[in-house]
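Q: One structure is given below, represented as structure tokens, and several questions about it will come after.
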Amino acid sequence: MKLRINHLIASACAIILFAACSTPKNIAYFPETSNGSTFNMADSRGITLKSNDKLSIIVNTKSAELNNALNMPVSSQIIGYSEVQSTNQSRATSGYTIDANGNIDFPLIGTVKAAGFTRAELANSLKKTLENRNVAKDAVVTVEFLNVGFSVLGEVTEPGFYPFENDKTTLLQALGKAGDMTIFGNRNNVKVVRMNERGQQEVFVVNMLNTKAMMQSPAYILQQNDVVYVEPNNYRKRQATANASEITKASFWLSAMSVLTTIAVLIFK
């Protein structure tokens, strides 16, 4: 009888400790992966340029005079002086904004189509146009983003707006930029809000705990002005209510008392 009671008490303690200290299964990324696992990503060209995107375009040739003509000068007012200084584009940053028709106005060659291209495609298009119009035969064209980025909101360590550093920034990299999700982030319901080609806000729901589905989502490779939102998990939502922590504690102790009552009934039955 005494041995049976000891077993029952030990079992009760184990149940209580497990309920209090068990590690949730919905915290760690890549739960179903093993060493050497491979997954295909969704097909993506990366960031394609759109109207209102602002770009830095630098052209370098063997001719210093031609460089000055092709690169937009930057003018800045010096505080305390009336003169305005100009510097060459190669030493400063000036931008071309893609207009509503998807074009930019480029020195010596005029209107150039930009929307729909990636950065590399636009650079190659400009290089070919300069060659075909006998403006420059040896041009090296570099295109960089100026105002293109994404936002991360919700249950992350550092929410905010972040500029793109490459053409294929993944959702994981975006979360890394924001300091990763907090322990209270809902990892199986991350939302990515994107403006589609029809001017509508489109929402993609990504399960970060399903590696294959995550990497094949159209939202895995971010586009300009995407908004990543990490919603709070149920525990955080309960905390947001009045006296939520006390309610949680009360629920735990009620469960513990229920287990102990059951044991007492079994012992003294």
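By order of appearance in the structure tokens: chains A, B, ..., then residues from 1 within every chain, and ligands from 1 in the order shown.
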Pick out the residues sitting within 7 Å of Ser151 (chain A), and hand them over as a ChimeraX atom specification; count only C-alpha atoms, and ignore anything fewer than 3 positions along from it in its own chain.
A: /A:160-162,225-228
Q: Save the residues we just selected, all heavy atoms, as a PDB file, in the first residue's frame?
A:
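Result file is out_27.pdb:
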```
ATOM      1  N   GLY A 160      10.560  47.827 -37.457  1.00  0.00           N
ATOM      2  CA  GLY A 160      10.941  49.044 -38.178  1.00  0.00           C
ATOM      3  C   GLY A 160      11.047  48.805 -39.670  1.00  0.00           C
ATOM      4  O   GLY A 160      10.694  47.735 -40.186  1.00  0.00           O
ATOM      5  N   PHE A 161      11.544  49.836 -40.371  1.00  0.00           N
ATOM      6  CA  PHE A 161      11.756  49.767 -41.822  1.00  0.00           C
ATOM      7  C   PHE A 161      13.223  49.464 -42.090  1.00  0.00           C
ATOM      8  O   PHE A 161      14.110  50.080 -41.487  1.00  0.00           O
ATOM      9  CB  PHE A 161      11.368  51.092 -42.480  1.00  0.00           C
ATOM     10  CG  PHE A 161      11.618  51.121 -43.966  1.00  0.00           C
ATOM     11  CD1 PHE A 161      10.694  50.600 -44.859  1.00  0.00           C
ATOM     12  CD2 PHE A 161      12.797  51.667 -44.472  1.00  0.00           C
ATOM     13  CE1 PHE A 161      10.923  50.625 -46.225  1.00  0.00           C
ATOM     14  CE2 PHE A 161      13.039  51.700 -45.831  1.00  0.00           C
ATOM     15  CZ  PHE A 161      12.105  51.176 -46.710  1.00  0.00           C
ATOM     16  N   TYR A 162      13.481  48.539 -43.009  1.00  0.00           N
ATOM     17  CA  TYR A 162      14.853  48.136 -43.327  1.00  0.00           C
ATOM     18  C   TYR A 162      15.073  48.188 -44.841  1.00  0.00           C
ATOM     19  O   TYR A 162      14.266  47.649 -45.598  1.00  0.00           O
ATOM     20  CB  TYR A 162      15.125  46.711 -42.823  1.00  0.00           C
ATOM     21  CG  TYR A 162      15.059  46.592 -41.325  1.00  0.00           C
ATOM     22  CD1 TYR A 162      13.855  46.300 -40.685  1.00  0.00           C
ATOM     23  CD2 TYR A 162      16.187  46.794 -40.542  1.00  0.00           C
ATOM     24  CE1 TYR A 162      13.782  46.209 -39.303  1.00  0.00           C
ATOM     25  CE2 TYR A 162      16.125  46.702 -39.154  1.00  0.00           C
ATOM     26  CZ  TYR A 162      14.921  46.410 -38.547  1.00  0.00           C
ATOM     27  OH  TYR A 162      14.851  46.326 -37.184  1.00  0.00           O
ATOM     28  N   ASN A 225       8.566  47.376 -50.297  1.00  0.00           N
ATOM     29  CA  ASN A 225       7.442  47.855 -49.483  1.00  0.00           C
ATOM     30  C   ASN A 225       6.599  46.732 -48.879  1.00  0.00           C
ATOM     31  O   ASN A 225       5.487  46.988 -48.392  1.00  0.00           O
ATOM     32  CB  ASN A 225       6.545  48.805 -50.287  1.00  0.00           C
ATOM     33  CG  ASN A 225       7.303  50.015 -50.788  1.00  0.00           C
ATOM     34  OD1 ASN A 225       8.115  50.587 -50.075  1.00  0.00           O
ATOM     35  ND2 ASN A 225       7.064  50.401 -52.040  1.00  0.00           N
ATOM     36  N   ASP A 226       7.099  45.502 -48.881  1.00  0.00           N
ATOM     37  CA  ASP A 226       6.402  44.435 -48.159  1.00  0.00           C
ATOM     38  C   ASP A 226       6.369  44.761 -46.672  1.00  0.00           C
ATOM     39  O   ASP A 226       7.308  45.349 -46.125  1.00  0.00           O
ATOM     40  CB  ASP A 226       7.115  43.094 -48.353  1.00  0.00           C
ATOM     41  CG  ASP A 226       6.726  42.399 -49.652  1.00  0.00           C
ATOM     42  OD1 ASP A 226       5.890  42.948 -50.390  1.00  0.00           O
ATOM     43  OD2 ASP A 226       7.272  41.313 -49.928  1.00  0.00           O
ATOM     44  N   VAL A 227       5.287  44.361 -46.028  1.00  0.00           N
ATOM     45  CA  VAL A 227       5.161  44.511 -44.574  1.00  0.00           C
ATOM     46  C   VAL A 227       5.038  43.122 -43.962  1.00  0.00           C
ATOM     47  O   VAL A 227       4.100  42.378 -44.271  1.00  0.00           O
ATOM     48  CB  VAL A 227       3.935  45.370 -44.192  1.00  0.00           C
ATOM     49  CG1 VAL A 227       3.802  45.446 -42.672  1.00  0.00           C
ATOM     50  CG2 VAL A 227       4.044  46.761 -44.789  1.00  0.00           C
ATOM     51  N   VAL A 228       6.005  42.763 -43.134  1.00  0.00           N
ATOM     52  CA  VAL A 228       5.984  41.476 -42.436  1.00  0.00           C
ATOM     53  C   VAL A 228       5.397  41.711 -41.048  1.00  0.00           C
ATOM     54  O   VAL A 228       5.902  42.540 -40.285  1.00  0.00           O
ATOM     55  CB  VAL A 228       7.410  40.891 -42.318  1.00  0.00           C
ATOM     56  CG1 VAL A 228       7.371  39.566 -41.559  1.00  0.00           C
ATOM     57  CG2 VAL A 228       8.036  40.717 -43.698  1.00  0.00           C
TER      58      VAL A 228
END
```
Q: Work out how far apart CA of Lys127 (chain A) and CA of Ser44 (chain A) are and give it in Å to one decimal.
A: 24.0 Å
Q: Please report the interatomic distance between CA of Asp180 (chain A) and CA of Val152 (chain A) in Å with one decimal.
A: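 Distance between the two atoms: 10.0 Å.
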Q: I'd like the contact shell of region 231-241 of chain A - 6 Å cut-off, only C-alpha atoms, skipping same-chain residues fewer than 2 positions apart - returned as a list in words.
A: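 Everything that qualifies: Gly154, Glu155, Phe184, Gly185, Asn186 and Ala244 of chain A.
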